[in-house]
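Content type PDB, C-alpha atoms, from the file upload26.pdb:
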ATOM      1  CA  MET Q   1      41.281  19.191  10.840
ATOM      2  CA  GLN Q   2      43.148  18.205   7.750
ATOM      3  CA  LYS Q   3      43.494  21.035   5.268
ATOM      4  CA  GLU Q   4      43.470  19.046   2.104
ATOM      5  CA  LEU Q   5      44.176  21.960  -0.213
ATOM      6  CA  SER Q   6      46.796  24.661   0.120
ATOM      7  CA  GLU Q   7      45.840  28.310  -0.281
ATOM      8  CA  LYS Q   8      47.263  28.283  -3.806
ATOM      9  CA  GLU Q   9      45.338  25.162  -4.727
ATOM     10  CA  GLU Q  10      42.147  26.703  -3.393
ATOM     11  CA  ALA Q  11      42.739  29.823  -5.495
ATOM     12  CA  ALA Q  12      43.397  27.698  -8.587
ATOM     13  CA  LEU Q  13      40.171  25.762  -8.021
ATOM     14  CA  LEU Q  14      38.213  28.970  -7.608
ATOM     15  CA  GLU Q  15      39.624  30.204 -10.882
ATOM     16  CA  LYS Q  16      38.461  27.023 -12.588
ATOM     17  CA  TRP Q  17      35.081  27.514 -10.921
ATOM     18  CA  GLN Q  18      34.698  30.918 -12.559
ATOM     19  CA  ASN Q  19      34.855  29.296 -15.950
ATOM     20  CA  PRO Q  20      31.458  27.657 -16.752
ATOM     21  CA  GLU Q  21      33.177  24.924 -18.760
ATOM     22  CA  SER Q  22      35.351  23.742 -15.883
ATOM     23  CA  ARG Q  23      32.943  24.635 -13.086
ATOM     24  CA  ARG Q  24      31.664  21.125 -12.437
ATOM     25  CA  TRP Q  25      35.139  19.638 -12.596
ATOM     26  CA  ALA Q  26      36.399  22.187 -10.041
ATOM     27  CA  PHE Q  27      33.492  21.520  -7.747
ATOM     28  CA  ARG Q  28      34.105  17.800  -7.847
ATOM     29  CA  GLN Q  29      37.741  18.412  -6.847
ATOM     30  CA  LEU Q  30      36.492  20.522  -3.976
ATOM     31  CA  ILE Q  31      34.181  17.760  -2.745
ATOM     32  CA  GLU Q  32      36.907  15.147  -2.988
ATOM     33  CA  ALA Q  33      39.268  17.361  -1.034
ATOM     34  CA  TYR Q  34      36.878  18.288   1.771
ATOM     35  CA  GLN Q  35      34.280  15.520   1.982
ATOM     36  CA  GLN Q  36      36.035  13.600   4.749
ATOM     37  CA  PRO Q  37      36.827  16.486   7.111
ATOM     38  CA  VAL Q  38      33.369  17.939   6.570
ATOM     39  CA  TYR Q  39      31.693  14.588   7.138
ATOM     40  CA  HIS Q  40      33.700  13.862  10.303
ATOM     41  CA  LEU Q  41      33.139  17.343  11.698
ATOM     42  CA  ILE Q  42      29.388  16.876  11.276
ATOM     43  CA  ARG Q  43      29.434  13.262  12.398
ATOM     44  CA  ARG Q  44      31.135  14.138  15.691
ATOM     45  CA  MET Q  45      28.348  16.594  16.346
ATOM     46  CA  VAL Q  46      25.284  14.584  15.276
ATOM     47  CA  LEU Q  47      26.796  11.077  15.766
ATOM     48  CA  SER Q  48      24.390   9.182  13.508
ATOM     49  CA  HIS Q  49      25.780   8.260  10.079
ATOM     50  CA  GLU Q  50      22.448   8.843   8.312
ATOM     51  CA  ASP Q  51      22.129  12.357   9.711
ATOM     52  CA  ALA Q  52      25.783  13.142   8.994
ATOM     53  CA  ASP Q  53      25.356  11.883   5.421
ATOM     54  CA  ASP Q  54      22.304  14.113   4.836
ATOM     55  CA  LEU Q  55      23.976  17.139   6.364
ATOM     56  CA  THR Q  56      27.227  16.638   4.460
ATOM     57  CA  GLN Q  57      25.336  16.511   1.172
ATOM     58  CA  GLU Q  58      23.294  19.536   2.185
ATOM     59  CA  THR Q  59      26.458  21.432   3.056
ATOM     60  CA  PHE Q  60      28.032  20.804  -0.351
ATOM     61  CA  VAL Q  61      24.824  21.630  -2.191
ATOM     62  CA  LYS Q  62      24.793  24.968  -0.370
ATOM     63  CA  VAL Q  63      28.453  25.487  -1.229
ATOM     64  CA  TRP Q  64      27.534  24.923  -4.882
ATOM     65  CA  GLU Q  65      24.684  27.425  -4.657
ATOM     66  CA  LYS Q  66      26.575  30.115  -2.767
ATOM     67  CA  LEU Q  67      30.129  29.830  -4.012
ATOM     68  CA  GLU Q  68      29.523  32.862  -6.213
ATOM     69  CA  GLN Q  69      29.003  34.894  -3.034
ATOM     70  CA  PHE Q  70      32.365  33.812  -1.582
ATOM     71  CA  GLU Q  71      34.415  36.990  -1.358
ATOM     72  CA  GLY Q  72      37.754  35.436  -0.464
ATOM     73  CA  ARG Q  73      38.070  37.287   2.841
ATOM     74  CA  SER Q  74      38.884  33.990   4.572
ATOM     75  CA  ARG Q  75      40.251  30.675   3.427
ATOM     76  CA  LEU Q  76      37.808  28.617   1.399
ATOM     77  CA  TYR Q  77      37.983  25.682   3.820
ATOM     78  CA  THR Q  78      36.946  27.853   6.799
ATOM     79  CA  TRP Q  79      34.010  29.106   4.728
ATOM     80  CA  ILE Q  80      32.980  25.517   3.959
ATOM     81  CA  TYR Q  81      33.423  24.414   7.590
ATOM     82  CA  ARG Q  82      31.326  27.341   8.667
ATOM     83  CA  MET Q  83      28.494  26.074   6.497
ATOM     84  CA  ALA Q  84      28.986  22.567   7.868
ATOM     85  CA  THR Q  85      28.890  23.720  11.497
ATOM     86  CA  ASN Q  86      25.799  25.828  10.819
ATOM     87  CA  GLU Q  87      24.102  22.782   9.311
ATOM     88  CA  ALA Q  88      25.034  20.586  12.276
ATOM     89  CA  LEU Q  89      24.065  23.116  14.942
ATOM     90  CA  GLY Q  90      20.817  23.931  13.148
ATOM     91  CA  PHE Q  91      19.988  20.234  12.922
ATOM     92  CA  LEU Q  92      20.649  19.682  16.637
ATOM     93  CA  ARG Q  93      18.621  22.743  17.560
ATOM     94  CA  LYS Q  94      15.624  21.476  15.607
ATOM     95  CA  LYS Q  95      16.065  17.991  17.028
ATOM     96  CA  ARG Q  96      16.104  19.290  20.605
ATOM     97  CA  ARG Q  97      13.033  21.455  19.938
ATOM     98  CA  ARG Q  98      11.124  18.481  18.507
ATOM     99  CA  ALA Q  99      12.262  16.283  21.385
ATOM    100  CA  LEU Q 100      11.077  18.858  23.908
ATOM    101  CA  LEU Q 101       7.595  18.735  22.420
ATOM    102  CA  ARG Q 102       7.564  14.941  22.452
ATOM    103  CA  LEU Q 103       9.219  14.744  25.880
ATOM    104  CA  GLU Q 104      12.111  12.727  24.418
ATOM    105  CA  ASP Q 105      15.642  12.592  25.794
ATOM    106  CA  VAL Q 106      18.047  13.792  23.075
ATOM    107  CA  SER Q 107      21.146  13.270  25.224
ATOM    108  CA  GLY Q 108      20.091   9.660  25.816
ATOM    109  CA  GLN Q 109      19.575   9.167  22.071
ATOM    110  CA  LEU Q 110      22.974  10.675  21.284
ATOM    111  CA  LYS Q 111      24.609   8.448  23.883
ATOM    112  CA  ALA Q 112      23.036   5.355  22.324
ATOM    113  CA  GLN Q 113      24.186   6.498  18.864
ATOM    114  CA  LEU Q 114      27.680   7.094  20.214
ATOM    115  CA  HIS Q 115      28.004   3.496  21.398
ATOM    116  CA  GLU Q 116      26.763   2.222  18.039
ATOM    117  CA  SER Q 117      29.186   4.446  16.132
ATOM    118  CA  LEU Q 118      32.415   3.868  18.015
ATOM    119  CA  PRO Q 119      34.652   0.978  16.997
ATOM    120  CA  VAL Q 120      34.568  -1.942  19.429
ATOM    121  CA  GLU Q 121      38.326  -1.767  19.885
ATOM    122  CA  ALA Q 122      38.267   1.885  20.987
ATOM    123  CA  GLU Q 123      39.868   2.404  24.375
ATOM    124  CA  GLU Q 124      37.663   2.872  27.401
ATOM    125  CA  ILE Q 125      39.079   6.327  28.069
ATOM    126  CA  VAL Q 126      38.243   7.423  24.524
ATOM    127  CA  LYS Q 127      34.664   6.204  24.914
ATOM    128  CA  LYS Q 128      34.342   7.949  28.273
ATOM    129  CA  LEU Q 129      35.668  11.198  26.850
ATOM    130  CA  GLN Q 130      33.107  11.015  24.071
ATOM    131  CA  GLU Q 131      30.409  10.474  26.678
ATOM    132  CA  ALA Q 132      31.712  13.424  28.663
ATOM    133  CA  LEU Q 133      31.463  15.586  25.543
ATOM    134  CA  LEU Q 134      27.749  14.895  25.385
ATOM    135  CA  GLN Q 135      27.361  16.739  28.689
ATOM    136  CA  LEU Q 136      28.396  19.988  26.981
ATOM    137  CA  PRO Q 137      26.045  22.379  25.190
ATOM    138  CA  ASP Q 138      26.210  21.941  21.405
ATOM    139  CA  LYS Q 139      28.172  25.123  20.675
ATOM    140  CA  GLN Q 140      30.695  24.402  23.402
ATOM    141  CA  ARG Q 141      31.055  20.856  22.123
ATOM    142  CA  LEU Q 142      31.795  22.260  18.682
ATOM    143  CA  VAL Q 143      34.455  24.592  20.082
ATOM    144  CA  PHE Q 144      36.044  21.698  21.959
ATOM    145  CA  GLN Q 145      36.045  19.485  18.856
ATOM    146  CA  LEU Q 146      37.662  22.170  16.718
ATOM    147  CA  LYS Q 147      40.390  22.911  19.264
ATOM    148  CA  TYR Q 148      41.130  19.544  20.835
ATOM    149  CA  TYR Q 149      40.711  17.153  17.937
ATOM    150  CA  GLU Q 150      41.205  19.365  14.890
ATOM    151  CA  GLU Q 151      43.887  21.495  16.572
ATOM    152  CA  LEU Q 152      42.760  24.628  14.781
ATOM    153  CA  LYS Q 153      44.093  28.036  15.716
ATOM    154  CA  TYR Q 154      41.698  30.284  17.572
ATOM    155  CA  GLU Q 155      41.733  32.710  14.634
ATOM    156  CA  GLU Q 156      40.628  29.932  12.285
ATOM    157  CA  MET Q 157      37.960  28.882  14.770
ATOM    158  CA  ALA Q 158      36.779  32.485  14.979
ATOM    159  CA  SER Q 159      36.410  32.550  11.230
ATOM    160  CA  ILE Q 160      34.382  29.316  11.307
ATOM    161  CA  THR Q 161      32.150  29.989  14.288
ATOM    162  CA  GLY Q 162      31.819  33.763  13.996
ATOM    163  CA  ASN Q 163      32.835  34.203  17.670
ATOM    164  CA  SER Q 164      35.671  36.315  19.020
ATOM    165  CA  VAL Q 165      39.005  34.719  19.924
ATOM    166  CA  GLY Q 166      38.514  35.681  23.583
ATOM    167  CA  ALA Q 167      35.080  34.072  23.731
ATOM    168  CA  LEU Q 168      36.437  30.908  22.125
ATOM    169  CA  LYS Q 169      39.326  30.666  24.614
ATOM    170  CA  ALA Q 170      36.943  31.057  27.534
ATOM    171  CA  ASN Q 171      34.557  28.528  26.003
ATOM    172  CA  TYR Q 172      37.298  25.946  25.496
ATOM    173  CA  HIS Q 173      38.619  26.461  29.036
ATOM    174  CA  HIS Q 174      35.148  25.944  30.518
ATOM    175  CA  ALA Q 175      34.591  22.874  28.355
ATOM    176  CA  CYS Q 176      37.840  21.305  29.630
ATOM    177  CA  GLN Q 177      36.878  22.065  33.231
ATOM    178  CA  LYS Q 178      33.461  20.487  32.805
ATOM    179  CA  ILE Q 179      34.956  17.383  31.202
ATOM    180  CA  GLU Q 180      37.546  16.970  33.957
ATOM    181  CA  LYS Q 181      34.850  17.324  36.595
ATOM    182  CA  TRP Q 182      32.656  14.759  34.851
ATOM    183  CA  MET Q 183      35.563  12.370  34.387
ATOM    184  CA  LYS Q 184      36.498  12.584  38.077
ATOM    185  CA  GLY Q 185      33.106  11.246  38.969
ATOM    186  CA  ASN Q 186      33.095   8.599  36.262
ATOM    187  CA  LEU Q 187      36.603   7.384  35.553
ATOM    188  CA  LEU Q 188      39.616   9.173  37.007
TER     189      LEU Q 188
ATOM    190  CA  MET Y   1      45.272   8.428  36.053
ATOM    191  CA  LYS Y   2      46.848  11.868  35.862
ATOM    192  CA  LYS Y   3      45.119  14.722  34.098
ATOM    193  CA  GLU Y   4      47.856  15.121  31.473
ATOM    194  CA  GLU Y   5      47.804  11.408  30.715
ATOM    195  CA  PHE Y   6      44.056  11.495  30.307
ATOM    196  CA  TRP Y   7      44.134  14.417  27.884
ATOM    197  CA  GLU Y   8      46.948  12.758  25.909
ATOM    198  CA  LYS Y   9      45.227   9.386  25.619
ATOM    199  CA  GLY Y  10      41.800  10.823  24.976
ATOM    200  CA  LYS Y  11      43.074  12.600  21.889
ATOM    201  CA  ALA Y  12      43.265   9.364  19.947
ATOM    202  CA  MET Y  13      40.018  10.232  18.241
ATOM    203  CA  PRO Y  14      38.409   7.106  16.880
ATOM    204  CA  GLU Y  15      37.114   7.304  13.344
ATOM    205  CA  PHE Y  16      33.402   6.696  13.357
ATOM    206  CA  ARG Y  17      32.241   3.686  11.399
ATOM    207  CA  THR Y  18      30.992   4.422   7.895
ATOM    208  CA  PRO Y  19      29.503   2.089   5.278
ATOM    209  CA  GLU Y  20      31.984   0.543   2.851
ATOM    210  CA  HIS Y  21      32.992   2.711  -0.132
ATOM    211  CA  TYR Y  22      31.002   5.568   1.338
ATOM    212  CA  PHE Y  23      33.525   8.279   0.440
ATOM    213  CA  GLU Y  24      34.056   6.822  -3.033
ATOM    214  CA  ASN Y  25      30.373   7.306  -3.861
ATOM    215  CA  LEU Y  26      29.656  10.538  -2.004
ATOM    216  CA  PRO Y  27      31.044  13.012  -4.614
ATOM    217  CA  GLN Y  28      28.889  11.453  -7.319
ATOM    218  CA  ARG Y  29      25.776  11.651  -5.173
ATOM    219  CA  ILE Y  30      26.409  15.310  -4.401
ATOM    220  CA  MET Y  31      27.138  16.107  -8.053
ATOM    221  CA  GLN Y  32      23.836  14.485  -8.998
ATOM    222  CA  ARG Y  33      22.025  16.726  -6.530
ATOM    223  CA  THR Y  34      23.601  19.821  -8.026
ATOM    224  CA  GLU Y  35      22.688  18.617 -11.521
ATOM    225  CA  GLY Y  36      19.122  18.134 -10.390
ATOM    226  CA  GLN Y  37      18.751  21.835  -9.786
ATOM    227  CA  PRO Y  38      16.834  23.119 -12.786
ATOM    228  CA  GLU Y  39      16.789  26.811 -13.601
ATOM    229  CA  GLU Y  40      13.119  26.968 -12.590
ATOM    230  CA  LEU Y  41      14.031  25.910  -9.056
ATOM    231  CA  ARG Y  42      16.726  28.562  -8.850
ATOM    232  CA  GLU Y  43      14.274  31.108 -10.229
ATOM    233  CA  GLN Y  44      11.713  30.027  -7.630
ATOM    234  CA  GLN Y  45      14.298  30.452  -4.882
ATOM    235  CA  LEU Y  46      15.080  33.923  -6.176
ATOM    236  CA  GLN Y  47      11.361  34.731  -6.237
ATOM    237  CA  ASN Y  48      11.070  33.597  -2.631
ATOM    238  CA  ILE Y  49      13.961  35.822  -1.637
ATOM    239  CA  ARG Y  50      12.441  38.796  -3.483
ATOM    240  CA  TRP Y  51       9.073  38.141  -1.840
ATOM    241  CA  ARG Y  52      10.662  38.011   1.626
ATOM    242  CA  TRP Y  53      12.538  41.246   0.983
ATOM    243  CA  SER Y  54       9.327  42.926  -0.183
ATOM    244  CA  LEU Y  55       7.527  41.809   2.968
ATOM    245  CA  ALA Y  56      10.402  42.985   5.133
ATOM    246  CA  SER Y  57      10.440  46.383   3.386
ATOM    247  CA  LEU Y  58       6.685  46.707   3.802
ATOM    248  CA  ALA Y  59       6.970  45.890   7.486
ATOM    249  CA  ILE Y  60       9.721  48.491   7.937
ATOM    250  CA  ILE Y  61       7.705  51.160   6.098
ATOM    251  CA  THR Y  62       4.601  50.405   8.189
ATOM    252  CA  ALA Y  63       6.618  50.502  11.403
ATOM    253  CA  SER Y  64       8.177  53.830  10.336
ATOM    254  CA  LEU Y  65       4.758  55.341   9.581
ATOM    255  CA  VAL Y  66       3.415  54.227  12.954
ATOM    256  CA  LEU Y  67       6.482  55.695  14.639
ATOM    257  CA  ILE Y  68       6.122  58.992  12.784
ATOM    258  CA  TRP Y  69       2.453  59.141  13.710
ATOM    259  CA  GLN Y  70       3.283  58.460  17.357
ATOM    260  CA  VAL Y  71       6.083  60.987  17.570
ATOM    261  CA  VAL Y  72       4.929  63.797  15.290
ATOM    262  CA  LEU Y  73       1.163  63.650  14.949
ATOM    263  CA  ALA Y  74      -0.080  62.139  18.199
ATOM    264  CA  PRO Y  75       1.051  65.035  20.491
ATOM    265  CA  LYS Y  76      -1.267  67.345  18.539
ATOM    266  CA  LYS Y  77      -4.196  65.483  20.057
ATOM    267  CA  GLN Y  78      -3.022  66.059  23.633
ATOM    268  CA  PRO Y  79      -5.316  68.462  25.649
ATOM    269  CA  ASP Y  80      -2.462  70.888  26.440
ATOM    270  CA  TYR Y  81      -1.485  71.067  22.787
ATOM    271  CA  LEU Y  82      -5.097  71.602  21.697
ATOM    272  CA  LEU Y  83      -5.670  74.289  24.342
ATOM    273  CA  ALA Y  84      -2.530  76.109  23.266
ATOM    274  CA  SER Y  85      -3.911  76.373  19.745
ATOM    275  CA  VAL Y  86      -7.067  78.246  20.974
ATOM    276  CA  SER Y  87      -6.754  82.026  20.924
ATOM    277  CA  THR Y  88      -6.991  83.979  24.175
ATOM    278  CA  ALA Y  89     -10.051  85.891  22.922
ATOM    279  CA  ASP Y  90     -11.898  82.610  22.281
ATOM    280  CA  LEU Y  91     -10.924  81.344  25.714
ATOM    281  CA  VAL Y  92     -12.233  84.467  27.423
ATOM    282  CA  ALA Y  93     -15.477  84.286  25.447
ATOM    283  CA  TYR Y  94     -15.869  80.629  26.417
ATOM    284  CA  LEU Y  95     -15.273  81.305  30.099
ATOM    285  CA  GLN Y  96     -17.799  84.111  30.092
ATOM    286  CA  THR Y  97     -20.422  81.814  28.597
ATOM    287  CA  THR Y  98     -19.733  79.049  31.061
ATOM    288  CA  ASP Y  99     -19.894  81.442  34.065
ATOM    289  CA  HIS Y 100     -23.652  81.453  33.574
ATOM    290  CA  VAL Y 101     -23.779  77.669  33.714
ATOM    291  CA  PHE Y 102     -21.717  77.605  36.916
ATOM    292  CA  SER Y 103     -23.965  80.254  38.539
ATOM    293  CA  ASN Y 104     -27.046  78.067  37.764
ATOM    294  CA  GLU Y 105     -25.280  75.194  39.443
ATOM    295  CA  SER Y 106     -24.786  77.258  42.598
ATOM    296  CA  GLU Y 107     -28.515  78.038  42.631
ATOM    297  CA  ASP Y 108     -29.182  74.294  42.542
ATOM    298  CA  TYR Y 109     -26.876  73.832  45.517
ATOM    299  CA  GLU Y 110     -28.725  76.546  47.401
ATOM    300  CA  ALA Y 111     -32.113  74.937  46.692
ATOM    301  CA  LEU Y 112     -30.804  71.579  47.853
ATOM    302  CA  SER Y 113     -29.473  73.075  51.080
ATOM    303  CA  ALA Y 114     -32.862  74.692  51.755
ATOM    304  CA  SER Y 115     -34.742  71.372  51.418
ATOM    305  CA  GLU Y 116     -32.235  69.729  53.764
ATOM    306  CA  ALA Y 117     -32.946  72.464  56.331
ATOM    307  CA  VAL Y 118     -36.709  71.805  56.139
ATOM    308  CA  GLU Y 119     -36.141  68.102  56.737
ATOM    309  CA  ALA Y 120     -33.963  68.897  59.725
ATOM    310  CA  ASN Y 121     -36.676  71.188  61.183
ATOM    311  CA  TRP Y 122     -39.320  68.517  60.728
ATOM    312  CA  GLU Y 123     -37.167  66.022  62.660
ATOM    313  CA  GLU Y 124     -36.876  68.565  65.444
ATOM    314  CA  THR Y 125     -40.718  68.826  65.698
ATOM    315  CA  LEU Y 126     -41.085  65.075  66.305
ATOM    316  CA  PRO Y 127     -42.029  64.112  69.900
ATOM    317  CA  SER Y 128     -39.024  63.159  71.968
ATOM    318  CA  ASP Y 129     -40.554  60.408  74.156
ATOM    319  CA  ALA Y 130     -41.933  57.063  72.852
ATOM    320  CA  ALA Y 131     -45.465  57.419  74.245
ATOM    321  CA  SER Y 132     -46.027  60.791  72.580
ATOM    322  CA  LEU Y 133     -44.602  59.439  69.310
ATOM    323  CA  GLU Y 134     -46.975  56.425  69.395
ATOM    324  CA  GLU Y 135     -49.894  58.737  70.074
ATOM    325  CA  ALA Y 136     -48.899  60.983  67.245
ATOM    326  CA  LEU Y 137     -48.587  58.047  64.861
ATOM    327  CA  SER Y 138     -52.012  56.666  65.860
ATOM    328  CA  ASP Y 139     -53.480  59.830  64.434
ATOM    329  CA  PRO Y 140     -55.596  58.818  61.379
ATOM    330  CA  LEU Y 141     -53.677  61.342  59.330
ATOM    331  CA  PHE Y 142     -50.473  59.225  59.536
ATOM    332  CA  SER Y 143     -52.202  55.867  59.166
ATOM    333  CA  ASN Y 144     -52.141  53.910  55.892
ATOM    334  CA  ASP Y 145     -54.714  51.433  57.139
ATOM    335  CA  SER Y 146     -57.856  51.431  54.961
ATOM    336  CA  SER Y 147     -60.187  50.672  57.903
ATOM    337  CA  THR Y 148     -58.921  53.716  59.684
ATOM    338  CA  LYS Y 149     -59.322  55.761  56.529
ATOM    339  CA  LYS Y 150     -63.016  54.769  56.446
ATOM    340  CA  ASN Y 151     -63.512  56.345  59.848
ATOM    341  CA  THR Y 152     -61.916  59.553  58.837
ATOM    342  CA  PRO Y 153     -64.235  62.293  57.650
TER     343      PRO Y 153
END
How would this structure read if it were set down as structure tokens?
Amino acid sequence: MQKELSEKEEAALLEKWQNPESRRWAFRQLIEAYQQPVYHLIRRMVLSHEDADDLTQETFVKVWEKLEQFEGRSRLYTWIYRMATNEALGFLRKKRRRALLRLEDVSGQLKAQLHESLPVEAEEIVKKLQEALLQLPDKQRLVFQLKYYEELKYEEMASITGNSVGALKANYHHACQKIEKWMKGNLL
Amino acid sequence: MKKEEFWEKGKAMPEFRTPEHYFENLPQRIMQRTEGQPEELREQQLQNIRWRWSLASLAIITASLVLIWQVVLAPKKQPDYLLASVSTADLVAYLQTTDHVFSNESEDYEALSASEAVEANWEETLPSDAASLEEALSDPLFSNDSSTKKNTP
């Protein structure tokens, strides 16, 4: 995950945020810095652009509402990503619950959305890996995304997900094993 | 394909397709949403939070009262606890009163036993063979038949 702002820049923005006159300007800078990583993090989880758009906006609106409560115990970007992951996981949870009542197949829907979302020129192996990811439970998929694609440290991931480093390592290891097993039957 | 090769190639994460100029317009759209938050809405949200906290507090207080009642007050209604609170003198007085009741009961048992003994004796006086029994039953005294009753003096 690209960290668009350094720690110093984050602190400077927060200082501007404290001042009511520069609050909106600071918030706009924050959105411009983090909109893409937040959007892509959510998009990889929910796959549909419309849903990712809604959830990205919702995430930033919540950041606006709750920034006063930010105590600075972690980096600002991990705090924002935490909100984004909560939004995405909450959305998927509700979607699965609704689908269960209507006897719909969420995994099938996500797979269809995946094929619509990926560029035509994407390599077959990339597409297959994305399909394999859909076999994982949502939280495990999130852990895999954060480690494999975003290359975050486990400590950063712990700050985002609220899980322990040990639990995250085990989760990532299991995710890799499941993907390899799935790929053996489908590609390798 | 080897495992390492697969993990290396798979990492080329494709960017998902987004509408044109999407990220150019997104900050403005979000800023508009934050502008559209009037003070009343924020006040309403605060009210909701206060209301939820009040409900939660009420629930905790109720649960605590129930717990206190269960732990502290309820044992006082147990028979052992109630009996322990009665003085020995009262207990003795009560037992003396109830002795009379129990002695009446034993009289009832005795009366019942006596009636059972009478029944048993009556069964013993019945004729043992069938012919004698039939003869005994043909006696107008045992008959319910009205015609027979007419013949009786």
Would you kindly report the residues of chain Y within 9 Å of chain Q, using all atoms listed in the file, as a PDB file with C-alpha atoms, keeping the file's coordinate frame?
ATOM      1  CA  MET Y   1      45.272   8.428  36.053  1.00  0.00           C
ATOM      2  CA  LYS Y   2      46.848  11.868  35.862  1.00  0.00           C
ATOM      3  CA  LYS Y   3      45.119  14.722  34.098  1.00  0.00           C
ATOM      4  CA  PHE Y   6      44.056  11.495  30.307  1.00  0.00           C
ATOM      5  CA  LYS Y   9      45.227   9.386  25.619  1.00  0.00           C
ATOM      6  CA  GLY Y  10      41.800  10.823  24.976  1.00  0.00           C
ATOM      7  CA  LYS Y  11      43.074  12.600  21.889  1.00  0.00           C
ATOM      8  CA  ALA Y  12      43.265   9.364  19.947  1.00  0.00           C
ATOM      9  CA  MET Y  13      40.018  10.232  18.241  1.00  0.00           C
ATOM     10  CA  PRO Y  14      38.409   7.106  16.880  1.00  0.00           C
ATOM     11  CA  GLU Y  15      37.114   7.304  13.344  1.00  0.00           C
ATOM     12  CA  PHE Y  16      33.402   6.696  13.357  1.00  0.00           C
ATOM     13  CA  ARG Y  17      32.241   3.686  11.399  1.00  0.00           C
ATOM     14  CA  THR Y  18      30.992   4.422   7.895  1.00  0.00           C
ATOM     15  CA  PRO Y  19      29.503   2.089   5.278  1.00  0.00           C
ATOM     16  CA  PHE Y  23      33.525   8.279   0.440  1.00  0.00           C
ATOM     17  CA  GLU Y  24      34.056   6.822  -3.033  1.00  0.00           C
ATOM     18  CA  LEU Y  26      29.656  10.538  -2.004  1.00  0.00           C
ATOM     19  CA  PRO Y  27      31.044  13.012  -4.614  1.00  0.00           C
ATOM     20  CA  GLN Y  28      28.889  11.453  -7.319  1.00  0.00           C
ATOM     21  CA  ARG Y  29      25.776  11.651  -5.173  1.00  0.00           C
ATOM     22  CA  ILE Y  30      26.409  15.310  -4.401  1.00  0.00           C
ATOM     23  CA  MET Y  31      27.138  16.107  -8.053  1.00  0.00           C
ATOM     24  CA  ARG Y  33      22.025  16.726  -6.530  1.00  0.00           C
ATOM     25  CA  THR Y  34      23.601  19.821  -8.026  1.00  0.00           C
TER      26      THR Y  34
END
Which residues, written as a PDB file with C-alpha atoms, keeping the file's coordinate frame, have at least one atom at most 12 Å from Gly162 (chain Q), with all atoms listed in the file counted and residues fewer than 6 positions away on the same chain left out?
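Listing of result.pdb after writing:
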ATOM      1  CA  SER Q  74      38.884  33.990   4.572  1.00  0.00           C
ATOM      2  CA  THR Q  78      36.946  27.853   6.799  1.00  0.00           C
ATOM      3  CA  TRP Q  79      34.010  29.106   4.728  1.00  0.00           C
ATOM      4  CA  TYR Q  81      33.423  24.414   7.590  1.00  0.00           C
ATOM      5  CA  ARG Q  82      31.326  27.341   8.667  1.00  0.00           C
ATOM      6  CA  MET Q  83      28.494  26.074   6.497  1.00  0.00           C
ATOM      7  CA  THR Q  85      28.890  23.720  11.497  1.00  0.00           C
ATOM      8  CA  ASN Q  86      25.799  25.828  10.819  1.00  0.00           C
ATOM      9  CA  LYS Q 139      28.172  25.123  20.675  1.00  0.00           C
ATOM     10  CA  VAL Q 143      34.455  24.592  20.082  1.00  0.00           C
ATOM     11  CA  TYR Q 154      41.698  30.284  17.572  1.00  0.00           C
ATOM     12  CA  GLU Q 155      41.733  32.710  14.634  1.00  0.00           C
ATOM     13  CA  GLU Q 156      40.628  29.932  12.285  1.00  0.00           C
ATOM     14  CA  LEU Q 168      36.437  30.908  22.125  1.00  0.00           C
TER      15      LEU Q 168
END
(message) I'd like the interatomic distance between CA of Leu76 (chain Q) and CA of Glu10 (chain Q), to a tenth of an Å.
(response)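 If I compute the distance from CA of Leu76 (chain Q) to CA of Glu10 (chain Q), I get 6.7 Å.
Distances to Leu133 (chain Q) were evaluated for Q:Met45, Q:Ala112, Q:Ala84, Q:Leu89 using all atoms listed in the file, and the minimum falls at Q:Met45.
Coordinates place CA of Arg93 (chain Q) at a distance of 27.2 Å from CA of Arg50 (chain Y).
Taking CA of Gln177 (chain Q) and CA of Gly90 (chain Q) as the two end points, the separation is 25.8 Å.
The residues returned by the PyMOL selection byres ((chain Q and resi 172) around 8) on the shown structure are Gln140, Val143, Phe144, Lys147, Leu168, Lys169, Ala170, Asn171, His173, His174, Ala175 and Cys176 of chain Q.
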Could you work out an axis-aligned bounding box for all listed atoms of region 131-134 of chain Q, with 5 Å added on each of the six sides, and give its centre and edge lengths in Å to one decimal, as AutoDock Vina command-line options?
--center_x 29.7 --center_y 13.0 --center_z 27.0 --size_x 14.0 --size_y 15.1 --size_z 13.3
